[in-house]
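Heads up, query34.txt below (compact mmCIF, C-alpha atoms (C1' of nucleotides)):
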# COMPACT_ATOMS: atom_id res chain seq x y z
CA MET H 1 22.75 26.14 -15.15
CA GLU H 2 19.37 27.66 -14.29
CA GLN H 3 19.04 30.63 -11.96
CA SER H 4 17.82 29.92 -8.42
CA ARG H 5 14.32 31.32 -8.11
CA LEU H 6 11.94 31.51 -5.20
CA PRO H 7 9.00 29.66 -6.81
CA MET H 8 11.03 26.52 -7.48
CA GLU H 9 12.28 26.59 -3.92
CA LEU H 10 8.69 26.78 -2.73
CA VAL H 11 7.73 23.81 -4.89
CA HIS H 12 10.48 21.77 -3.28
CA LEU H 13 9.39 22.93 0.16
CA LEU H 14 5.84 21.78 -0.53
CA ARG H 15 7.09 18.38 -1.63
CA GLY H 16 9.43 18.10 1.31
CA LEU H 17 6.63 18.92 3.71
CA THR H 18 4.36 16.23 2.31
CA VAL H 19 7.19 13.70 2.47
CA GLU H 20 7.77 14.52 6.13
CA LEU H 21 4.07 14.30 6.96
CA ASP H 22 3.76 10.99 5.13
CA LEU H 23 6.73 9.54 6.97
CA PHE H 24 5.34 10.82 10.26
CA GLY H 25 2.08 9.03 9.54
CA ALA H 26 3.74 5.84 8.35
CA GLU H 27 5.95 5.66 11.43
CA PHE H 28 3.07 6.34 13.78
CA ALA H 29 1.05 3.63 12.06
CA ALA H 30 3.85 1.08 12.28
CA ARG H 31 4.38 1.89 15.95
CA HIS H 32 0.72 1.11 16.64
CA GLY H 33 0.58 -2.06 14.57
CA LEU H 34 -1.56 -0.70 11.77
CA HIS H 35 -0.98 -0.14 8.08
CA PRO H 36 -0.81 3.23 6.32
CA THR H 37 -4.22 2.53 4.81
CA ASP H 38 -5.67 1.87 8.25
CA LEU H 39 -4.43 5.24 9.45
CA ARG H 40 -5.83 7.03 6.41
CA ALA H 41 -9.15 5.32 7.06
CA LEU H 42 -9.04 6.31 10.72
CA VAL H 43 -8.42 9.95 9.81
CA HIS H 44 -11.32 9.90 7.37
CA LEU H 45 -13.62 8.28 9.93
CA LEU H 46 -12.70 10.75 12.67
CA ASP H 47 -13.17 13.69 10.33
CA ALA H 48 -16.61 12.42 9.41
CA ALA H 49 -17.49 11.77 13.03
CA ARG H 50 -16.54 15.34 13.93
CA ALA H 51 -18.60 16.64 11.03
CA GLY H 52 -21.48 14.45 12.18
CA SER H 53 -21.79 12.64 8.86
CA VAL H 54 -22.39 8.92 8.44
CA VAL H 55 -19.69 6.79 6.80
CA THR H 56 -20.53 3.52 5.05
CA PRO H 57 -18.01 0.99 3.69
CA GLY H 58 -18.85 2.24 0.21
CA ARG H 59 -18.01 5.87 1.02
CA LEU H 60 -14.86 4.89 2.88
CA GLY H 61 -13.60 2.74 0.04
CA GLU H 62 -14.32 5.50 -2.44
CA ALA H 63 -12.37 8.04 -0.39
CA LEU H 64 -9.42 5.66 -0.11
CA ARG H 65 -9.59 4.34 -3.68
CA LEU H 66 -10.21 0.75 -2.65
CA ASN H 67 -12.60 -1.63 -4.34
CA SER H 68 -15.35 -3.27 -2.34
CA ALA H 69 -13.36 -6.39 -1.52
CA GLY H 70 -10.44 -4.39 -0.21
CA THR H 71 -12.79 -2.18 1.75
CA THR H 72 -14.40 -5.15 3.46
CA GLY H 73 -10.94 -6.36 4.46
CA LEU H 74 -10.03 -2.91 5.77
CA VAL H 75 -13.23 -2.63 7.81
CA ASP H 76 -12.64 -6.14 9.18
CA ARG H 77 -9.18 -5.07 10.34
CA LEU H 78 -10.45 -1.91 12.01
CA VAL H 79 -13.21 -3.88 13.74
CA ARG H 80 -10.70 -6.50 14.90
CA LEU H 81 -8.56 -3.69 16.32
CA GLY H 82 -11.57 -2.41 18.24
CA LEU H 83 -11.47 0.96 16.50
CA ILE H 84 -14.91 0.83 14.89
CA ARG H 85 -18.01 -1.34 14.81
CA ARG H 86 -20.57 -2.14 12.13
CA GLU H 87 -24.19 -1.10 12.53
CA ARG H 88 -26.99 -1.76 10.09
CA ASP H 89 -28.61 1.45 8.86
CA PRO H 90 -32.28 1.21 9.90
CA GLU H 91 -33.31 3.60 7.11
CA ASP H 92 -31.75 1.59 4.28
CA ARG H 93 -30.96 -1.89 5.47
CA ARG H 94 -28.50 -2.56 2.66
CA LYS H 95 -26.17 0.00 4.21
CA VAL H 96 -23.76 -0.46 7.09
CA ARG H 97 -22.82 2.43 9.35
CA LEU H 98 -19.24 2.53 10.55
CA VAL H 99 -19.28 3.81 14.14
CA VAL H 100 -16.00 4.90 15.72
CA GLU H 101 -15.25 3.52 19.17
CA GLY H 102 -13.61 5.44 21.99
CA ARG H 103 -10.27 3.80 21.24
CA ALA H 104 -10.26 5.35 17.77
CA THR H 105 -10.68 8.86 19.14
CA GLU H 106 -7.89 8.26 21.65
CA LEU H 107 -5.59 7.01 18.91
CA GLY H 108 -6.44 10.00 16.75
CA GLN H 109 -5.66 12.29 19.65
CA ALA H 110 -2.31 10.53 20.16
CA PHE H 111 -1.56 10.91 16.47
CA PHE H 112 -2.62 14.48 15.89
CA GLY H 113 -2.66 15.99 19.35
CA GLY H 114 1.05 16.47 19.88
CA LEU H 115 1.84 17.44 16.32
CA ILE H 116 -0.98 19.96 16.09
CA ALA H 117 0.09 21.58 19.34
CA ASP H 118 3.65 21.91 18.02
CA LEU H 119 2.45 23.33 14.72
CA VAL H 120 0.24 25.89 16.43
CA THR H 121 3.10 26.86 18.73
CA ALA H 122 5.37 27.41 15.74
CA MET H 123 2.68 29.58 14.16
CA GLY H 124 3.02 31.82 17.17
CA GLY H 125 6.21 33.10 15.53
CA PHE H 126 4.11 34.66 12.78
CA GLY H 127 1.90 37.73 12.84
CA GLU H 128 -1.79 37.68 12.06
CA ALA H 129 -1.21 39.18 8.62
CA GLU H 130 1.52 36.66 7.82
CA LEU H 131 -0.70 33.75 8.77
CA ALA H 132 -3.37 35.18 6.50
CA VAL H 133 -0.85 35.17 3.64
CA ALA H 134 0.10 31.56 4.43
CA GLN H 135 -3.58 30.68 4.37
CA ARG H 136 -4.11 32.28 0.99
CA PHE H 137 -0.98 30.59 -0.33
CA LEU H 138 -1.90 27.11 0.88
CA THR H 139 -5.43 27.47 -0.42
CA ALA H 140 -4.12 28.50 -3.85
CA MET H 141 -1.68 25.58 -4.00
CA THR H 142 -4.30 23.07 -2.88
CA ASP H 143 -6.65 24.34 -5.57
CA VAL H 144 -3.99 23.89 -8.22
CA VAL H 145 -3.35 20.28 -7.22
CA ALA H 146 -7.05 19.50 -6.96
CA THR H 147 -7.64 21.00 -10.40
CA ALA H 148 -4.73 19.09 -11.92
CA ARG H 149 -6.12 15.91 -10.39
CA ALA H 150 -9.55 16.48 -11.85
CA ARG H 151 -8.05 16.64 -15.35
CA MET D 1 -18.03 24.54 21.11
CA GLU D 2 -14.50 25.84 20.43
CA GLN D 3 -13.91 29.18 18.71
CA SER D 4 -12.79 29.11 15.09
CA ARG D 5 -9.15 30.22 14.98
CA LEU D 6 -6.77 30.75 12.11
CA PRO D 7 -4.05 28.31 13.26
CA MET D 8 -6.42 25.34 13.30
CA GLU D 9 -7.63 26.28 9.86
CA LEU D 10 -4.02 26.31 8.67
CA VAL D 11 -3.41 22.87 10.17
CA HIS D 12 -6.34 21.54 8.20
CA LEU D 13 -5.09 23.23 5.07
CA LEU D 14 -1.70 21.58 5.46
CA ARG D 15 -3.34 18.20 5.86
CA GLY D 16 -5.67 18.77 2.94
CA LEU D 17 -2.75 19.75 0.73
CA THR D 18 -0.80 16.60 1.54
CA VAL D 19 -3.89 14.48 0.89
CA GLU D 20 -4.33 16.09 -2.52
CA LEU D 21 -0.67 15.64 -3.41
CA ASP D 22 -0.74 12.00 -2.29
CA LEU D 23 -3.82 11.29 -4.37
CA PHE D 24 -2.26 13.07 -7.32
CA GLY D 25 0.79 10.82 -7.03
CA ALA D 26 -1.22 7.65 -6.51
CA GLU D 27 -3.41 8.34 -9.53
CA PHE D 28 -0.45 9.19 -11.71
CA ALA D 29 1.25 5.98 -10.61
CA ALA D 30 -1.82 3.86 -11.32
CA ARG D 31 -2.21 5.45 -14.75
CA HIS D 32 1.35 4.44 -15.63
CA GLY D 33 1.14 0.92 -14.24
CA LEU D 34 3.40 1.44 -11.27
CA HIS D 35 2.83 1.29 -7.53
CA PRO D 36 2.99 4.22 -5.11
CA THR D 37 6.28 2.84 -3.80
CA ASP D 38 7.72 2.76 -7.31
CA LEU D 39 6.85 6.42 -7.78
CA ARG D 40 8.39 7.37 -4.45
CA ALA D 41 11.52 5.49 -5.47
CA LEU D 42 11.56 7.22 -8.85
CA VAL D 43 11.32 10.64 -7.20
CA HIS D 44 14.15 9.77 -4.84
CA LEU D 45 16.32 8.50 -7.70
CA LEU D 46 15.68 11.57 -9.86
CA ASP D 47 16.43 13.90 -6.96
CA ALA D 48 19.70 12.09 -6.36
CA ALA D 49 20.55 12.12 -10.05
CA ARG D 50 20.00 15.88 -10.20
CA ALA D 51 22.13 16.32 -7.10
CA GLY D 52 24.78 14.12 -8.69
CA SER D 53 24.87 11.65 -5.81
CA VAL D 54 25.09 7.88 -6.17
CA VAL D 55 22.15 5.75 -4.99
CA THR D 56 22.61 2.12 -3.99
CA PRO D 57 19.82 -0.35 -3.16
CA GLY D 58 20.77 0.06 0.48
CA ARG D 59 20.32 3.83 0.47
CA LEU D 60 17.10 3.60 -1.52
CA GLY D 61 15.59 1.03 0.83
CA GLU D 62 16.56 3.14 3.82
CA ALA D 63 14.90 6.22 2.36
CA LEU D 64 11.72 4.30 1.60
CA ARG D 65 11.71 2.26 4.81
CA LEU D 66 11.96 -1.09 3.06
CA ASN D 67 14.09 -4.00 4.20
CA SER D 68 16.67 -5.50 1.89
CA ALA D 69 14.35 -8.14 0.46
CA GLY D 70 11.67 -5.61 -0.37
CA THR D 71 14.28 -3.29 -1.85
CA THR D 72 15.58 -6.00 -4.16
CA GLY D 73 12.04 -6.60 -5.36
CA LEU D 74 11.50 -2.87 -5.90
CA VAL D 75 14.74 -2.52 -7.89
CA ASP D 76 13.82 -5.59 -9.95
CA ARG D 77 10.50 -3.94 -10.82
CA LEU D 78 12.12 -0.65 -11.81
CA VAL D 79 14.68 -2.50 -13.95
CA ARG D 80 11.92 -4.54 -15.58
CA LEU D 81 10.10 -1.28 -16.38
CA GLY D 82 13.26 0.03 -18.03
CA LEU D 83 13.49 2.97 -15.62
CA ILE D 84 16.87 2.15 -14.10
CA ARG D 85 19.72 -0.31 -14.49
CA ARG D 86 22.15 -1.92 -12.06
CA GLU D 87 25.87 -1.20 -12.29
CA ARG D 88 28.55 -2.69 -10.07
CA ASP D 89 30.52 -0.04 -8.22
CA PRO D 90 34.15 -0.50 -9.35
CA GLU D 91 35.43 1.12 -6.14
CA ASP D 92 33.62 -1.26 -3.80
CA ARG D 93 32.40 -4.26 -5.67
CA ARG D 94 29.86 -5.21 -3.01
CA LYS D 95 27.87 -2.11 -3.96
CA VAL D 96 25.45 -1.67 -6.84
CA ARG D 97 24.84 1.71 -8.43
CA LEU D 98 21.29 2.45 -9.54
CA VAL D 99 21.53 4.43 -12.76
CA VAL D 100 18.40 6.16 -14.08
CA GLU D 101 17.56 5.62 -17.74
CA GLY D 102 16.17 8.23 -20.06
CA ARG D 103 12.65 6.84 -19.65
CA ALA D 104 12.78 7.63 -15.95
CA THR D 105 13.58 11.28 -16.56
CA GLU D 106 10.78 11.51 -19.12
CA LEU D 107 8.33 9.96 -16.71
CA GLY D 108 9.45 12.33 -13.96
CA GLN D 109 8.94 15.23 -16.32
CA ALA D 110 5.45 13.98 -17.17
CA PHE D 111 4.68 13.66 -13.47
CA PHE D 112 6.11 16.92 -12.19
CA GLY D 113 6.34 19.08 -15.27
CA GLY D 114 2.72 20.06 -15.67
CA LEU D 115 2.01 20.35 -11.96
CA ILE D 116 5.08 22.45 -11.26
CA ALA D 117 4.22 24.80 -14.10
CA ASP D 118 0.70 25.24 -12.71
CA LEU D 119 2.01 25.81 -9.19
CA VAL D 120 4.51 28.42 -10.36
CA THR D 121 1.78 30.15 -12.38
CA ALA D 122 -0.44 30.30 -9.31
CA MET D 123 2.45 31.81 -7.37
CA GLY D 124 2.38 34.66 -9.83
CA GLY D 125 -0.66 35.91 -7.94
CA PHE D 126 1.56 36.65 -4.95
CA GLY D 127 4.10 39.41 -4.40
CA GLU D 128 7.75 38.79 -3.69
CA ALA D 129 7.31 39.62 -0.01
CA GLU D 130 4.30 37.30 0.28
CA LEU D 131 6.21 34.40 -1.28
CA ALA D 132 8.99 35.03 1.21
CA VAL D 133 6.45 34.73 4.03
CA ALA D 134 5.14 31.47 2.55
CA GLN D 135 8.69 30.20 2.37
CA ARG D 136 9.36 31.04 6.02
CA PHE D 137 6.05 29.45 6.98
CA LEU D 138 6.60 26.21 5.08
CA THR D 139 10.13 25.91 6.40
CA ALA D 140 8.90 26.34 9.97
CA MET D 141 6.14 23.74 9.54
CA THR D 142 8.50 21.24 7.91
CA ASP D 143 10.94 21.68 10.77
CA VAL D 144 8.21 21.00 13.31
CA VAL D 145 7.20 17.75 11.60
CA ALA D 146 10.82 16.64 11.15
CA THR D 147 11.51 17.34 14.82
CA ALA D 148 8.38 15.49 15.93
CA ARG D 149 9.44 12.56 13.79
CA ALA D 150 12.92 12.43 15.31
CA ARG D 151 11.39 12.05 18.78
C1' DG K 1 45.04 -15.82 6.57
C1' DC K 2 41.06 -15.55 9.50
C1' DA K 3 37.47 -13.26 11.78
C1' DT K 4 34.27 -9.64 11.53
C1' DG K 5 31.55 -6.39 9.16
C1' DT K 6 28.95 -4.64 5.15
C1' DA K 7 26.08 -4.79 0.66
C1' DT K 8 23.10 -7.35 -1.86
C1' DC K 9 20.37 -11.14 -3.09
C1' DT K 10 17.42 -15.69 -2.45
C1' DC K 11 13.80 -18.35 -0.29
C1' DG K 12 9.51 -19.04 1.89
C1' DC K 13 5.84 -16.77 3.81
C1' DT K 14 1.99 -13.41 5.18
C1' DC K 15 -1.50 -10.57 4.05
C1' DA K 16 -3.38 -6.15 1.59
C1' DG K 17 -5.92 -5.40 -2.31
C1' DC K 18 -8.00 -6.86 -6.97
C1' DG K 19 -11.59 -9.02 -10.19
C1' DA K 20 -15.61 -11.55 -10.43
C1' DG K 21 -19.64 -12.53 -8.75
C1' DA K 22 -23.18 -13.87 -5.04
C1' DG K 23 -26.63 -12.32 -1.69
C1' DA K 24 -29.76 -9.10 0.32
C1' DA K 25 -32.41 -5.01 0.32
C1' DT K 26 -34.42 -1.12 -2.22
C1' DA K 27 -36.32 1.58 -6.30
C1' DC K 28 -38.84 1.64 -10.49
C1' DG K 29 -41.63 0.72 -14.61
C1' DT K 30 -45.84 -1.10 -15.97
C1' DA P 1 -48.71 -5.65 -6.64
C1' DC P 2 -44.76 -7.92 -9.32
C1' DG P 3 -40.94 -8.70 -11.75
C1' DT P 4 -36.64 -6.31 -13.08
C1' DA P 5 -32.95 -3.33 -12.57
C1' DT P 6 -30.07 -1.06 -9.25
C1' DT P 7 -27.47 -0.44 -5.00
C1' DC P 8 -24.67 -1.90 -1.08
C1' DT P 9 -21.97 -5.20 1.05
C1' DC P 10 -19.62 -9.40 1.44
C1' DT P 11 -17.25 -14.01 -0.22
C1' DC P 12 -13.95 -16.52 -2.98
C1' DG P 13 -9.71 -17.21 -5.30
C1' DC P 14 -5.74 -15.03 -6.69
C1' DT P 15 -1.55 -11.82 -7.41
C1' DG P 16 2.19 -9.68 -5.73
C1' DA P 17 4.51 -6.20 -2.31
C1' DG P 18 7.09 -6.54 1.55
C1' DC P 19 8.96 -9.21 5.75
C1' DG P 20 12.26 -12.39 8.41
C1' DA P 21 15.93 -15.41 8.05
C1' DG P 22 19.77 -16.65 6.03
C1' DA P 23 23.08 -17.26 2.00
C1' DT P 24 26.73 -15.11 -0.79
C1' DA P 25 30.31 -12.01 -2.10
C1' DC P 26 33.45 -8.50 -1.20
C1' DA P 27 36.11 -5.51 2.17
C1' DT P 28 38.84 -4.54 6.16
C1' DG P 29 41.22 -4.96 10.69
C1' DC P 30 44.00 -7.99 13.57
Could you write out this file's structure as structure tokens?
Amino acid sequence: MEQSRLPMELVHLLRGLTVELDLFGAEFAARHGLHPTDLRALVHLLDAARAGSVVTPGRLGEALRLNSAGTTGLVDRLVRLGLIRRERDPEDRRKVRLVVEGRATELGQAFFGGLIADLVTAMGGFGEAELAVAQRFLTAMTDVVATARAR
Amino acid sequence: MEQSRLPMELVHLLRGLTVELDLFGAEFAARHGLHPTDLRALVHLLDAARAGSVVTPGRLGEALRLNSAGTTGLVDRLVRLGLIRRERDPEDRRKVRLVVEGRATELGQAFFGGLIADLVTAMGGFGEAELAVAQRFLTAMTDVVATARAR
DNA sequence: GCATGTATCTCGCTCAGCGAGAGAATACGT
DNA sequence: ACGTATTCTCTCGCTGAGCGAGATACATGC
């Protein structure tokens, strides 16, 4: 029988949170007729669009750990759903730019909008200093996972 | 141009953390020749085993959002990998008990062991009061997601 | 006993993703 | 310039995870 310690409880909380977020995403995806991978791609594309960076099939596939054949299939699906369109890069005509359509932004808003608002509201129950602690904590944990992954 | 606020930064941190953890899991799974679903199932089975509760194909499929056909296939894979075995429930002979083998526990240890140790070490950089804040924060965020999911 | 319900499995199918490699455009060495 | 290597994307054929429909076996209420 091991003693109940705070760190282990926190580990389980972290895992539980990711499980909930994954399920939330999976259920949202299913409700909108797209696959988990499609949603992950959408998130990546919207992030890039907000950051103003160009996404090509190659970069998208790399981010999602798909090979080129799978990536082509994914992009085909997103195009068929009217979420993105292909555009030849005039600078390097081997490349294809993936441009997000209005529908994609709307869908992203529907996905994140409500949840983000709820999360921010819940953060209202914490003081500025406490949120700063949470920030430091999350950053530290993310770094640990990223480092472990790199190994 | 919106002002940069702490809550939004925290939302992004939460998302980034789940992405890292998902990738960590996916890469571990690939390295051991199993699919993301198999790993999710393994985690669920080990959790249940630790809690001393019985898992049937029905319960497992429900937890993973698979239908009965997919669940049978999943269980077949795990059996073939030597991670679990089927056992008829003597109380209700329609049911099958999924019993984890030693290999499964070892694999779970290999998956979680190192990461958990690193996470706990990183938590050493925080005071008791700070960890308590992190705990309250994570609990609140998990509740928000769970509630949003239930809607 | 018979109908109804529950737990699991079988069958046939769809389609996401893989490996291999082709096609098209660019970069580079000489 | 010119052929060769490299880069980016797409095509083809295939495997297998997961689905819908339904079969099978056991349990339970009338």
What are the residues of chain H that have an atom within 8 Å of an atom of chain D, counting all atoms listed in the file, as a compact mmCIF listing (two decimals) with C-alpha atoms, in the coordinates of the input?
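Contents of part34.txt, as written:
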# COMPACT_ATOMS: atom_id res chain seq x y z
CA LEU H 6 11.94 31.51 -5.20
CA PRO H 7 9.00 29.66 -6.81
CA MET H 8 11.03 26.52 -7.48
CA LEU H 10 8.69 26.78 -2.73
CA VAL H 11 7.73 23.81 -4.89
CA LEU H 13 9.39 22.93 0.16
CA LEU H 14 5.84 21.78 -0.53
CA GLY H 16 9.43 18.10 1.31
CA LEU H 17 6.63 18.92 3.71
CA THR H 18 4.36 16.23 2.31
CA GLU H 20 7.77 14.52 6.13
CA LEU H 21 4.07 14.30 6.96
CA LEU H 23 6.73 9.54 6.97
CA PHE H 24 5.34 10.82 10.26
CA LEU H 115 1.84 17.44 16.32
CA ILE H 116 -0.98 19.96 16.09
CA ASP H 118 3.65 21.91 18.02
CA LEU H 119 2.45 23.33 14.72
CA VAL H 120 0.24 25.89 16.43
CA ALA H 122 5.37 27.41 15.74
CA MET H 123 2.68 29.58 14.16
CA GLU H 130 1.52 36.66 7.82
CA LEU H 131 -0.70 33.75 8.77
CA ALA H 132 -3.37 35.18 6.50
CA VAL H 133 -0.85 35.17 3.64
CA ALA H 134 0.10 31.56 4.43
CA GLN H 135 -3.58 30.68 4.37
CA PHE H 137 -0.98 30.59 -0.33
CA LEU H 138 -1.90 27.11 0.88
CA THR H 139 -5.43 27.47 -0.42
CA ALA H 140 -4.12 28.50 -3.85
CA MET H 141 -1.68 25.58 -4.00
CA THR H 142 -4.30 23.07 -2.88
CA VAL H 144 -3.99 23.89 -8.22
CA VAL H 145 -3.35 20.28 -7.22
CA ALA H 146 -7.05 19.50 -6.96
CA ALA H 148 -4.73 19.09 -11.92
CA ARG H 149 -6.12 15.91 -10.39
Least-squares superpose chain H onto chain D - every C-alpha atom, paired in order - and show me the moved coordinates as a CSV table (one decimal) with C-alpha atoms, in the frame of the given file.
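As written to disk, part.csv reads:
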chain,number,residue,atom,x,y,z
H,1,MET,CA,-18.2,24.6,20.9
H,2,GLU,CA,-14.7,25.9,20.3
H,3,GLN,CA,-14.0,29.3,18.6
H,4,SER,CA,-12.8,29.2,15.0
H,5,ARG,CA,-9.2,30.2,15.0
H,6,LEU,CA,-6.8,30.7,12.1
H,7,PRO,CA,-4.1,28.3,13.3
H,8,MET,CA,-6.4,25.3,13.3
H,9,GLU,CA,-7.6,26.2,9.9
H,10,LEU,CA,-4.0,26.3,8.7
H,11,VAL,CA,-3.4,22.9,10.2
H,12,HIS,CA,-6.3,21.5,8.2
H,13,LEU,CA,-5.1,23.2,5.1
H,14,LEU,CA,-1.7,21.6,5.5
H,15,ARG,CA,-3.3,18.2,5.9
H,16,GLY,CA,-5.6,18.8,3.0
H,17,LEU,CA,-2.7,19.7,0.8
H,18,THR,CA,-0.8,16.6,1.6
H,19,VAL,CA,-3.9,14.5,0.9
H,20,GLU,CA,-4.3,16.1,-2.5
H,21,LEU,CA,-0.6,15.6,-3.4
H,22,ASP,CA,-0.7,12.0,-2.3
H,23,LEU,CA,-3.8,11.3,-4.4
H,24,PHE,CA,-2.2,13.1,-7.3
H,25,GLY,CA,0.8,10.8,-7.0
H,26,ALA,CA,-1.2,7.7,-6.5
H,27,GLU,CA,-3.4,8.3,-9.5
H,28,PHE,CA,-0.4,9.2,-11.7
H,29,ALA,CA,1.3,6.0,-10.6
H,30,ALA,CA,-1.8,3.8,-11.3
H,31,ARG,CA,-2.2,5.4,-14.7
H,32,HIS,CA,1.4,4.4,-15.6
H,33,GLY,CA,1.1,0.9,-14.2
H,34,LEU,CA,3.4,1.4,-11.2
H,35,HIS,CA,2.8,1.3,-7.5
H,36,PRO,CA,3.0,4.2,-5.1
H,37,THR,CA,6.3,2.9,-3.8
H,38,ASP,CA,7.7,2.8,-7.3
H,39,LEU,CA,6.9,6.4,-7.8
H,40,ARG,CA,8.4,7.4,-4.5
H,41,ALA,CA,11.5,5.5,-5.5
H,42,LEU,CA,11.6,7.2,-8.9
H,43,VAL,CA,11.3,10.6,-7.2
H,44,HIS,CA,14.2,9.8,-4.9
H,45,LEU,CA,16.3,8.5,-7.7
H,46,LEU,CA,15.7,11.5,-9.9
H,47,ASP,CA,16.5,13.9,-7.0
H,48,ALA,CA,19.7,12.1,-6.4
H,49,ALA,CA,20.6,12.1,-10.1
H,50,ARG,CA,20.0,15.9,-10.2
H,51,ALA,CA,22.2,16.3,-7.1
H,52,GLY,CA,24.8,14.1,-8.8
H,53,SER,CA,24.9,11.6,-5.9
H,54,VAL,CA,25.1,7.9,-6.2
H,55,VAL,CA,22.2,5.7,-5.0
H,56,THR,CA,22.6,2.1,-4.0
H,57,PRO,CA,19.8,-0.4,-3.2
H,58,GLY,CA,20.8,0.1,0.5
H,59,ARG,CA,20.3,3.8,0.4
H,60,LEU,CA,17.1,3.6,-1.5
H,61,GLY,CA,15.6,1.1,0.8
H,62,GLU,CA,16.6,3.2,3.8
H,63,ALA,CA,14.9,6.3,2.3
H,64,LEU,CA,11.8,4.3,1.6
H,65,ARG,CA,11.7,2.3,4.8
H,66,LEU,CA,12.0,-1.1,3.1
H,67,ASN,CA,14.1,-4.0,4.2
H,68,SER,CA,16.7,-5.5,1.9
H,69,ALA,CA,14.4,-8.1,0.5
H,70,GLY,CA,11.7,-5.6,-0.4
H,71,THR,CA,14.3,-3.3,-1.9
H,72,THR,CA,15.6,-6.0,-4.2
H,73,GLY,CA,12.0,-6.6,-5.3
H,74,LEU,CA,11.5,-2.9,-5.9
H,75,VAL,CA,14.7,-2.5,-7.9
H,76,ASP,CA,13.8,-5.6,-9.9
H,77,ARG,CA,10.5,-3.9,-10.8
H,78,LEU,CA,12.1,-0.7,-11.8
H,79,VAL,CA,14.7,-2.5,-13.9
H,80,ARG,CA,11.9,-4.6,-15.6
H,81,LEU,CA,10.1,-1.3,-16.4
H,82,GLY,CA,13.2,0.0,-18.0
H,83,LEU,CA,13.5,2.9,-15.6
H,84,ILE,CA,16.9,2.1,-14.1
H,85,ARG,CA,19.7,-0.4,-14.5
H,86,ARG,CA,22.1,-2.0,-12.1
H,87,GLU,CA,25.9,-1.2,-12.3
H,88,ARG,CA,28.5,-2.7,-10.1
H,89,ASP,CA,30.5,0.0,-8.2
H,90,PRO,CA,34.1,-0.4,-9.4
H,91,GLU,CA,35.4,1.2,-6.1
H,92,ASP,CA,33.6,-1.1,-3.8
H,93,ARG,CA,32.4,-4.2,-5.6
H,94,ARG,CA,29.9,-5.2,-3.0
H,95,LYS,CA,27.8,-2.1,-4.0
H,96,VAL,CA,25.4,-1.7,-6.9
H,97,ARG,CA,24.8,1.7,-8.5
H,98,LEU,CA,21.3,2.4,-9.6
H,99,VAL,CA,21.5,4.4,-12.8
H,100,VAL,CA,18.4,6.1,-14.1
H,101,GLU,CA,17.5,5.6,-17.8
H,102,GLY,CA,16.1,8.2,-20.1
H,103,ARG,CA,12.6,6.8,-19.7
H,104,ALA,CA,12.8,7.6,-16.0
H,105,THR,CA,13.6,11.2,-16.6
H,106,GLU,CA,10.8,11.5,-19.1
H,107,LEU,CA,8.3,9.9,-16.7
H,108,GLY,CA,9.4,12.3,-14.0
H,109,GLN,CA,9.0,15.2,-16.3
H,110,ALA,CA,5.4,14.0,-17.2
H,111,PHE,CA,4.7,13.7,-13.5
H,112,PHE,CA,6.1,16.9,-12.2
H,113,GLY,CA,6.4,19.1,-15.3
H,114,GLY,CA,2.7,20.1,-15.6
H,115,LEU,CA,2.0,20.4,-11.9
H,116,ILE,CA,5.1,22.5,-11.2
H,117,ALA,CA,4.2,24.8,-14.1
H,118,ASP,CA,0.7,25.3,-12.7
H,119,LEU,CA,2.0,25.8,-9.2
H,120,VAL,CA,4.5,28.4,-10.3
H,121,THR,CA,1.8,30.2,-12.4
H,122,ALA,CA,-0.4,30.3,-9.3
H,123,MET,CA,2.5,31.8,-7.3
H,124,GLY,CA,2.4,34.7,-9.8
H,125,GLY,CA,-0.7,35.9,-7.9
H,126,PHE,CA,1.6,36.6,-4.9
H,127,GLY,CA,4.1,39.4,-4.4
H,128,GLU,CA,7.8,38.8,-3.7
H,129,ALA,CA,7.3,39.6,0.0
H,130,GLU,CA,4.3,37.3,0.3
H,131,LEU,CA,6.2,34.4,-1.2
H,132,ALA,CA,9.0,35.1,1.2
H,133,VAL,CA,6.4,34.7,4.1
H,134,ALA,CA,5.1,31.5,2.6
H,135,GLN,CA,8.7,30.2,2.4
H,136,ARG,CA,9.3,31.0,6.0
H,137,PHE,CA,6.0,29.4,7.0
H,138,LEU,CA,6.6,26.2,5.1
H,139,THR,CA,10.1,25.9,6.4
H,140,ALA,CA,8.9,26.4,10.0
H,141,MET,CA,6.2,23.7,9.6
H,142,THR,CA,8.5,21.3,7.9
H,143,ASP,CA,10.9,21.7,10.8
H,144,VAL,CA,8.2,21.0,13.3
H,145,VAL,CA,7.2,17.7,11.6
H,146,ALA,CA,10.8,16.6,11.2
H,147,THR,CA,11.5,17.3,14.8
H,148,ALA,CA,8.4,15.5,16.0
H,149,ARG,CA,9.5,12.6,13.8
H,150,ALA,CA,12.9,12.4,15.3
H,151,ARG,CA,11.4,12.0,18.8
Residue with smallest distance to chain H - pool P:DT4, P:DT28, P:DT9, P:DT15, counting all atoms listed in the file: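 For chain H, the nearest of the given residues is P:DT9.
Across K:DC15, K:DC9, K:DA25, K:DA3, the tightest approach to chain H is made by K:DA25 when counting only C-alpha atoms (C1' of nucleotides).
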Shell of 12 Å around DG22 in chain P, all atoms listed in the file, local chain residues under 6 positions omitted, as a CSV table (one decimal) with C-alpha atoms (C1' of nucleotides), in the frame of the given file:
chain,number,residue,atom,x,y,z
D,69,ALA,CA,14.4,-8.1,0.5
K,9,DC,C1',20.4,-11.1,-3.1
K,10,DT,C1',17.4,-15.7,-2.4
K,11,DC,C1',13.8,-18.4,-0.3
K,12,DG,C1',9.5,-19.0,1.9
Which residue of D:Gly102, D:Gly127, D:Gly113, D:Gly61 approaches chain K most closely, using all atoms listed in the file: D:Gly61
